[in-house]
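Source file: start-v4.pdb (PDB, C-alpha atoms)
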ATOM      1  CA  MET Q   5      -1.087  -4.584  19.456  1.00  0.00           C
ATOM      2  CA  PRO Q   6      -4.787  -3.934  18.826  1.00  0.00           C
ATOM      3  CA  GLU Q   7      -6.785  -5.945  16.323  1.00  0.00           C
ATOM      4  CA  PHE Q   8      -9.271  -4.369  13.936  1.00  0.00           C
ATOM      5  CA  ALA Q   9     -12.022  -6.270  12.110  1.00  0.00           C
ATOM      6  CA  PHE Q  10     -14.375  -4.838   9.497  1.00  0.00           C
ATOM      7  CA  THR Q  11     -17.254  -7.237   8.893  1.00  0.00           C
ATOM      8  CA  PRO Q  12     -20.012  -6.624   6.331  1.00  0.00           C
ATOM      9  CA  LEU Q  13     -23.381  -8.088   7.244  1.00  0.00           C
ATOM     10  CA  ALA Q  14     -24.493 -11.146   5.280  1.00  0.00           C
ATOM     11  CA  GLY Q  15     -27.239 -11.017   2.677  1.00  0.00           C
ATOM     12  CA  GLN Q  16     -26.287  -7.741   0.996  1.00  0.00           C
ATOM     13  CA  GLU Q  17     -25.283  -9.121  -2.373  1.00  0.00           C
ATOM     14  CA  ASP Q  18     -27.768  -6.755  -4.043  1.00  0.00           C
ATOM     15  CA  VAL Q  19     -25.929  -3.679  -2.689  1.00  0.00           C
ATOM     16  CA  LEU Q  20     -23.789  -2.832  -5.694  1.00  0.00           C
ATOM     17  CA  ASP Q  21     -22.701   0.706  -4.767  1.00  0.00           C
ATOM     18  CA  GLY Q  22     -20.649  -0.094  -1.668  1.00  0.00           C
ATOM     19  CA  MET Q  23     -23.125   1.329   0.825  1.00  0.00           C
ATOM     20  CA  PHE Q  24     -23.499  -1.940   2.705  1.00  0.00           C
ATOM     21  CA  LEU Q  25     -23.920  -2.288   6.423  1.00  0.00           C
ATOM     22  CA  GLY Q  26     -21.445  -3.940   8.728  1.00  0.00           C
ATOM     23  CA  HIS Q  27     -19.536  -3.751  11.985  1.00  0.00           C
ATOM     24  CA  ILE Q  28     -16.235  -2.488  13.294  1.00  0.00           C
ATOM     25  CA  ASP Q  29     -14.620  -4.484  16.098  1.00  0.00           C
ATOM     26  CA  ILE Q  30     -11.508  -3.276  17.919  1.00  0.00           C
ATOM     27  CA  THR Q  31      -9.803  -5.540  20.439  1.00  0.00           C
ATOM     28  CA  GLY Q  32      -6.931  -4.247  22.535  1.00  0.00           C
ATOM     29  CA  LYS Q  33      -4.778  -5.473  25.399  1.00  0.00           C
ATOM     30  CA  SER Q  34      -7.205  -4.105  27.990  1.00  0.00           C
ATOM     31  CA  GLY Q  35     -10.621  -4.139  26.357  1.00  0.00           C
ATOM     32  CA  SER Q  36     -12.684  -4.003  23.214  1.00  0.00           C
ATOM     33  CA  ALA Q  37     -15.126  -1.814  21.316  1.00  0.00           C
ATOM     34  CA  THR Q  38     -17.698  -2.755  18.741  1.00  0.00           C
ATOM     35  CA  THR Q  39     -20.532  -1.297  16.732  1.00  0.00           C
ATOM     36  CA  ARG Q  40     -22.565  -4.423  17.518  1.00  0.00           C
ATOM     37  CA  SER Q  41     -25.582  -4.066  19.756  1.00  0.00           C
ATOM     38  CA  PRO Q  42     -25.475  -6.324  22.837  1.00  0.00           C
ATOM     39  CA  ARG Q  43     -29.298  -6.444  22.768  1.00  0.00           C
ATOM     40  CA  ASP Q  44     -29.482  -8.152  19.365  1.00  0.00           C
ATOM     41  CA  PRO Q  45     -28.201 -11.717  18.867  1.00  0.00           C
ATOM     42  CA  ASP Q  46     -26.909 -10.837  15.379  1.00  0.00           C
ATOM     43  CA  GLY Q  47     -25.321  -7.572  16.543  1.00  0.00           C
ATOM     44  CA  GLY Q  48     -28.006  -5.307  15.155  1.00  0.00           C
ATOM     45  CA  MET Q  49     -28.261  -3.299  11.983  1.00  0.00           C
ATOM     46  CA  GLY Q  50     -24.664  -2.109  11.850  1.00  0.00           C
ATOM     47  CA  ILE Q  51     -23.208   1.023  10.272  1.00  0.00           C
ATOM     48  CA  LEU Q  52     -22.412   2.091   6.717  1.00  0.00           C
ATOM     49  CA  LEU Q  53     -19.098   0.289   6.683  1.00  0.00           C
ATOM     50  CA  LEU Q  54     -17.057   1.811   3.844  1.00  0.00           C
ATOM     51  CA  PRO Q  55     -17.623   5.451   4.839  1.00  0.00           C
ATOM     52  CA  ALA Q  56     -16.685   4.548   8.428  1.00  0.00           C
ATOM     53  CA  VAL Q  57     -13.508   2.709   7.375  1.00  0.00           C
ATOM     54  CA  VAL Q  58     -12.415   5.577   5.103  1.00  0.00           C
ATOM     55  CA  ASP Q  59     -13.042   8.070   7.922  1.00  0.00           C
ATOM     56  CA  LEU Q  60     -11.068   5.891  10.335  1.00  0.00           C
ATOM     57  CA  LEU Q  61      -8.109   5.550   7.934  1.00  0.00           C
ATOM     58  CA  ASP Q  62      -8.042   9.277   7.153  1.00  0.00           C
ATOM     59  CA  GLY Q  63      -8.343  10.292  10.799  1.00  0.00           C
ATOM     60  CA  VAL Q  64      -5.672   7.956  12.132  1.00  0.00           C
ATOM     61  CA  ALA Q  65      -3.364   8.849   9.207  1.00  0.00           C
ATOM     62  CA  GLY Q  66      -3.663  12.535  10.112  1.00  0.00           C
ATOM     63  CA  LEU Q  67      -2.897  11.750  13.727  1.00  0.00           C
ATOM     64  CA  LEU Q  68       0.164   9.695  12.777  1.00  0.00           C
ATOM     65  CA  ARG Q  69       1.421  12.459  10.448  1.00  0.00           C
ATOM     66  CA  ARG Q  70       1.165  15.044  13.224  1.00  0.00           C
ATOM     67  CA  GLY Q  71       2.760  12.717  15.756  1.00  0.00           C
ATOM     68  CA  ARG Q  72       0.489  13.978  18.497  1.00  0.00           C
ATOM     69  CA  GLY Q  73      -3.109  14.857  19.237  1.00  0.00           C
ATOM     70  CA  ARG Q  74      -6.361  12.959  19.061  1.00  0.00           C
ATOM     71  CA  PHE Q  75      -8.921  11.634  16.625  1.00  0.00           C
ATOM     72  CA  THR Q  76     -12.405  10.415  17.526  1.00  0.00           C
ATOM     73  CA  CYS Q  77     -14.090   7.796  15.374  1.00  0.00           C
ATOM     74  CA  SER Q  78     -17.730   8.382  16.208  1.00  0.00           C
ATOM     75  CA  ASP Q  79     -18.892   5.323  14.233  1.00  0.00           C
ATOM     76  CA  ALA Q  80     -16.957   2.991  16.544  1.00  0.00           C
ATOM     77  CA  GLY Q  81     -17.214   5.216  19.612  1.00  0.00           C
ATOM     78  CA  VAL Q  82     -13.446   5.292  20.201  1.00  0.00           C
ATOM     79  CA  THR Q  83     -10.806   7.978  20.522  1.00  0.00           C
ATOM     80  CA  PHE Q  84      -7.223   7.591  19.370  1.00  0.00           C
ATOM     81  CA  ARG Q  85      -4.687   9.710  21.224  1.00  0.00           C
ATOM     82  CA  GLN Q  86      -1.016   9.875  20.376  1.00  0.00           C
ATOM     83  CA  LYS Q  87       1.469  11.173  22.882  1.00  0.00           C
ATOM     84  CA  GLU Q  88       5.178  10.664  22.401  1.00  0.00           C
ATOM     85  CA  ARG Q  89       5.673   7.067  21.240  1.00  0.00           C
ATOM     86  CA  VAL Q  90       2.347   5.650  22.381  1.00  0.00           C
ATOM     87  CA  LEU Q  91      -0.964   5.585  20.541  1.00  0.00           C
ATOM     88  CA  MET Q  92      -3.781   5.005  23.001  1.00  0.00           C
ATOM     89  CA  ILE Q  93      -7.244   3.795  22.016  1.00  0.00           C
ATOM     90  CA  ARG Q  94     -10.047   4.640  24.446  1.00  0.00           C
ATOM     91  CA  ARG Q  95     -13.757   4.041  24.661  1.00  0.00           C
ATOM     92  CA  MET Q  96     -15.257   6.540  27.055  1.00  0.00           C
ATOM     93  CA  PHE Q  97     -13.109   6.233  30.186  1.00  0.00           C
ATOM     94  CA  THR Q  98     -11.617   2.831  29.397  1.00  0.00           C
ATOM     95  CA  VAL Q  99      -8.229   2.409  27.745  1.00  0.00           C
ATOM     96  CA  LEU Q 100      -8.563  -0.434  25.256  1.00  0.00           C
ATOM     97  CA  ASP Q 101      -4.966  -0.431  24.082  1.00  0.00           C
ATOM     98  CA  ASP Q 102      -1.739   1.528  24.302  1.00  0.00           C
ATOM     99  CA  SER Q 103       0.719   0.402  21.660  1.00  0.00           C
ATOM    100  CA  SER Q 104       3.289   1.969  19.418  1.00  0.00           C
ATOM    101  CA  PRO Q 105       1.950   4.006  16.494  1.00  0.00           C
ATOM    102  CA  GLN Q 106       3.663   1.502  14.172  1.00  0.00           C
ATOM    103  CA  ALA Q 107       1.796  -1.442  15.707  1.00  0.00           C
ATOM    104  CA  VAL Q 108      -1.578   0.299  15.485  1.00  0.00           C
ATOM    105  CA  ALA Q 109      -0.902   1.379  11.894  1.00  0.00           C
ATOM    106  CA  GLU Q 110       0.130  -2.129  10.876  1.00  0.00           C
ATOM    107  CA  SER Q 111      -2.999  -3.691  12.352  1.00  0.00           C
ATOM    108  CA  LEU Q 112      -5.412  -1.071  10.989  1.00  0.00           C
ATOM    109  CA  GLY Q 113      -3.821  -1.097   7.526  1.00  0.00           C
ATOM    110  CA  THR Q 114      -3.952  -4.884   7.333  1.00  0.00           C
ATOM    111  CA  ALA Q 115      -7.636  -5.000   8.313  1.00  0.00           C
ATOM    112  CA  ALA Q 116      -8.572  -2.315   5.779  1.00  0.00           C
ATOM    113  CA  GLN Q 117      -6.683  -4.095   3.017  1.00  0.00           C
ATOM    114  CA  ARG Q 118      -8.403  -7.365   3.925  1.00  0.00           C
ATOM    115  CA  LEU Q 119     -11.819  -5.670   3.590  1.00  0.00           C
ATOM    116  CA  SER Q 120     -10.838  -4.149   0.255  1.00  0.00           C
ATOM    117  CA  ASP Q 121      -9.521  -7.443  -1.104  1.00  0.00           C
ATOM    118  CA  SER Q 122     -12.692  -9.304  -0.145  1.00  0.00           C
ATOM    119  CA  HIS Q 123     -15.414  -6.777  -1.033  1.00  0.00           C
ATOM    120  CA  LEU Q 124     -14.211  -4.030  -3.378  1.00  0.00           C
ATOM    121  CA  SER Q 125     -14.670  -6.155  -6.503  1.00  0.00           C
ATOM    122  CA  GLY Q 126     -18.371  -6.521  -5.632  1.00  0.00           C
ATOM    123  CA  ILE Q 127     -18.974  -2.787  -5.976  1.00  0.00           C
ATOM    124  CA  LYS Q 128     -20.283  -2.457  -9.534  1.00  0.00           C
ATOM    125  CA  ALA Q 129     -22.161   0.844  -9.440  1.00  0.00           C
ATOM    126  CA  PRO Q 130     -21.086   4.389  -8.541  1.00  0.00           C
ATOM    127  CA  THR Q 131     -21.766   5.294  -4.941  1.00  0.00           C
ATOM    128  CA  GLU Q 132     -24.374   7.981  -4.509  1.00  0.00           C
ATOM    129  CA  ASP Q 133     -22.806   9.477  -1.412  1.00  0.00           C
ATOM    130  CA  THR Q 134     -21.761  13.079  -0.846  1.00  0.00           C
ATOM    131  CA  THR Q 135     -19.498  14.917   1.510  1.00  0.00           C
ATOM    132  CA  VAL Q 136     -18.869  18.590   2.217  1.00  0.00           C
ATOM    133  CA  THR Q 137     -15.252  19.624   1.643  1.00  0.00           C
ATOM    134  CA  GLU Q 138     -13.338  22.103   3.780  1.00  0.00           C
ATOM    135  CA  ASP Q 139     -14.164  24.959   1.394  1.00  0.00           C
ATOM    136  CA  GLY Q 140     -17.891  24.167   1.655  1.00  0.00           C
ATOM    137  CA  THR Q 141     -18.428  22.565  -1.719  1.00  0.00           C
ATOM    138  CA  ILE Q 142     -20.344  19.320  -2.070  1.00  0.00           C
ATOM    139  CA  GLU Q 143     -18.391  16.422  -3.495  1.00  0.00           C
ATOM    140  CA  TYR Q 144     -19.611  13.025  -4.681  1.00  0.00           C
ATOM    141  CA  VAL Q 145     -17.800  10.051  -3.178  1.00  0.00           C
ATOM    142  CA  ASP Q 146     -17.392   6.805  -5.115  1.00  0.00           C
ATOM    143  CA  TYR Q 147     -16.043   4.110  -2.788  1.00  0.00           C
ATOM    144  CA  ARG Q 148     -14.741   2.045  -5.713  1.00  0.00           C
ATOM    145  CA  TYR Q 149     -12.009   4.692  -5.842  1.00  0.00           C
ATOM    146  CA  ARG Q 150     -12.120   6.329  -2.416  1.00  0.00           C
ATOM    147  CA  LEU Q 151     -11.348   3.198  -0.375  1.00  0.00           C
ATOM    148  CA  PRO Q 152      -8.183   2.298  -2.358  1.00  0.00           C
ATOM    149  CA  GLU Q 153      -7.068   5.964  -2.198  1.00  0.00           C
ATOM    150  CA  ALA Q 154      -7.538   6.039   1.586  1.00  0.00           C
ATOM    151  CA  ILE Q 155      -5.658   2.741   2.000  1.00  0.00           C
ATOM    152  CA  ALA Q 156      -2.762   3.939  -0.197  1.00  0.00           C
ATOM    153  CA  ALA Q 157      -2.460   7.241   1.693  1.00  0.00           C
ATOM    154  CA  PHE Q 158      -2.613   5.403   5.014  1.00  0.00           C
ATOM    155  CA  GLN Q 159       0.076   2.926   3.931  1.00  0.00           C
ATOM    156  CA  ASP Q 160       2.325   5.854   2.892  1.00  0.00           C
ATOM    157  CA  VAL Q 161       2.001   7.303   6.386  1.00  0.00           C
ATOM    158  CA  ARG Q 162       2.585   3.863   7.942  1.00  0.00           C
ATOM    159  CA  ARG Q 163       5.788   3.384   5.915  1.00  0.00           C
ATOM    160  CA  SER Q 164       7.040   6.829   6.975  1.00  0.00           C
ATOM    161  CA  LEU Q 165       6.888   5.700  10.619  1.00  0.00           C
ATOM    162  CA  THR Q 166       9.525   3.038  10.054  1.00  0.00           C
ATOM    163  CA  GLY Q 167      11.963   4.953   7.912  1.00  0.00           C
TER     164      GLY Q 167
END
For the file at hand, write its structure as structure tokens.
Amino acid sequence: MPEFAFTPLAGQEDVLDGMFLGHIDITGKSGSATTRSPRDPDGGMGILLLPAVVDLLDGVAGLLRRGRGRFTCSDAGVTFRQKERVLMIRRMFTVLDDSSPQAVAESLGTAAQRLSDSHLSGIKAPTEDTTVTEDGTIEYVDYRYRLPEAIAAFQDVRRSLTG
């Protein structure tokens, strides 16, 4: 089973809108992927963590609902591919892990919940982030609400895999 870790960078206590930087680490049976830079001792600047985690949850949830296909998480540089009863995680040409969809969902859901439990209460201000919806309209995203919504939807999909 792969392991996911979402780690905000230290020293961002003044970021009250949830747009803090951090890293995604994915460790599988056969390899690992990270957003950390090997050239920087501290891993480098990182990525905007909450938007990346929400995108990852939404993308993998869609893949699990369909039961087949692929989803690429560009922030972490990995592709998830589900075929039959195996969900494979790849980075470029290297397979990092090939586990059951249930195992991947359990690990990803647990890591996202851990991030929410430890950092969501620190978000005190509305997020000034936007996204373009499928119909082309611009929508404001407030991660105080969007992260818990993404986790809840993901957990619904995860539960549907077991029953």
Residue members of the PyMOL selection byres ((chain Q and resi 8) around 8) in the file shown, as a PyMOL selection string
chain Q and resi 6-7+9-10+28-31+111-112+115
What does the distance from atom CA of Met92 of chain Q to atom CA of Ala157 of chain Q come to in Å, to one decimal?
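According to the coordinates, atom CA of Met92 of chain Q and atom CA of Ala157 of chain Q are separated by 21.5 Å.
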As JSON, please: the centre and edge lengths in Å, to one decimal, of an axis-aligned box enclosing every listed atom of segment 106-122 of chain Q with 8 Å added on each side.
{"center_x": -4.5, "center_y": -3.9, "center_z": 7.3, "size_x": 32.4, "size_y": 26.8, "size_z": 32.8}
Selection in question (the file shown): the PyMOL selection byres ((chain Q and resi 53) around 8). Which residues does it include, as an MDAnalysis selection string?
chainID Q and resid 10 12 23:28 50:52 54:57
Kindly give the distance, in Å, that separates atom CA of Tyr147 of chain Q and atom CA of Leu100 of chain Q, rounded to a single decimal.
29.4 Å
Which residues match the PyMOL selection byres ((chain Q and resi 5) around 10) in the file above, as a ChimeraX atom specification?
/Q:6-8,31-33,101-111
Please report the interatomic distance between atom CA of Leu124 of chain Q and atom CA of Gly22 of chain Q in Å with one decimal.
7.7 Å
Can you tell me which residues surround Ala154 of chain Q at a distance of at most 9 Å, considering all atoms listed in the file, apart from same-chain residues fewer than 2 positions away, and format the answer as a list in words?
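After dropping sequence-adjacent residues, the list is Val57, Val58, Asp59, Leu61, Asp62, Tyr149, Arg150, Leu151, Pro152, Ala156, Ala157, Phe158 and Gln159 of chain Q.
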Using all atoms listed in the file, pick whichever of Q:Ala37, Q:Ala65, Q:Leu119, Q:Val99 has the shortest atom-to-atom distance to Ala80 of chain Q.
Q:Ala37
Please reconstruct the missing atoms of segment 27-47 of chain Q (target: N, CA and C atoms) and return them as a tab-separated table (two decimals), keeping the file's coordinate frame.
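Okay, selection_3.tsv is ready:
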chain	number	residue	atom	x	y	z
Q	27	HIS	N	-19.99	-4.07	10.63
Q	27	HIS	CA	-19.54	-3.75	11.98
Q	27	HIS	C	-18.04	-3.53	12.02
Q	28	ILE	N	-17.64	-2.69	12.96
Q	28	ILE	CA	-16.24	-2.49	13.29
Q	28	ILE	C	-16.02	-3.08	14.68
Q	29	ASP	N	-15.01	-3.92	14.80
Q	29	ASP	CA	-14.62	-4.48	16.10
Q	29	ASP	C	-13.16	-4.13	16.34
Q	30	ILE	N	-12.87	-3.61	17.53
Q	30	ILE	CA	-11.51	-3.28	17.92
Q	30	ILE	C	-11.23	-3.99	19.23
Q	31	THR	N	-10.19	-4.81	19.24
Q	31	THR	CA	-9.80	-5.54	20.44
Q	31	THR	C	-8.39	-5.14	20.82
Q	32	GLY	N	-8.24	-4.66	22.04
Q	32	GLY	CA	-6.93	-4.25	22.54
Q	32	GLY	C	-6.48	-5.10	23.70
Q	33	LYS	N	-5.34	-4.73	24.26
Q	33	LYS	CA	-4.78	-5.47	25.40
Q	33	LYS	C	-5.68	-5.42	26.63
Q	34	SER	N	-6.45	-4.31	26.76
Q	34	SER	CA	-7.20	-4.11	27.99
Q	34	SER	C	-8.71	-4.01	27.80
Q	35	GLY	N	-9.18	-4.23	26.57
Q	35	GLY	CA	-10.62	-4.14	26.36
Q	35	GLY	C	-10.96	-4.15	24.89
Q	36	SER	N	-12.25	-3.98	24.61
Q	36	SER	CA	-12.68	-4.00	23.21
Q	36	SER	C	-13.83	-3.02	23.00
Q	37	ALA	N	-14.02	-2.69	21.72
Q	37	ALA	CA	-15.13	-1.81	21.32
Q	37	ALA	C	-15.73	-2.41	20.06
Q	38	THR	N	-17.02	-2.22	19.91
Q	38	THR	CA	-17.70	-2.76	18.74
Q	38	THR	C	-18.89	-1.88	18.40
Q	39	THR	N	-19.30	-1.96	17.15
Q	39	THR	CA	-20.53	-1.30	16.73
Q	39	THR	C	-21.72	-2.22	16.90
Q	40	ARG	N	-21.49	-3.44	17.34
Q	40	ARG	CA	-22.56	-4.42	17.52
Q	40	ARG	C	-23.40	-4.08	18.75
Q	41	SER	N	-24.68	-4.31	18.64
Q	41	SER	CA	-25.58	-4.07	19.76
Q	41	SER	C	-25.63	-5.30	20.65
Q	42	PRO	N	-25.40	-5.16	21.94
Q	42	PRO	CA	-25.48	-6.32	22.84
Q	42	PRO	C	-26.91	-6.84	23.01
Q	43	ARG	N	-27.90	-6.04	22.61
Q	43	ARG	CA	-29.30	-6.44	22.77
Q	43	ARG	C	-29.80	-7.32	21.63
Q	44	ASP	N	-29.06	-7.36	20.52
Q	44	ASP	CA	-29.48	-8.15	19.36
Q	44	ASP	C	-28.53	-9.33	19.17
Q	45	PRO	N	-29.07	-10.54	19.03
Q	45	PRO	CA	-28.20	-11.72	18.87
Q	45	PRO	C	-27.27	-11.62	17.65
Q	46	ASP	N	-27.74	-10.96	16.57
Q	46	ASP	CA	-26.91	-10.84	15.38
Q	46	ASP	C	-26.07	-9.56	15.37
Q	47	GLY	N	-26.12	-8.79	16.44
Q	47	GLY	CA	-25.32	-7.57	16.54
Q	47	GLY	C	-26.05	-6.32	16.09
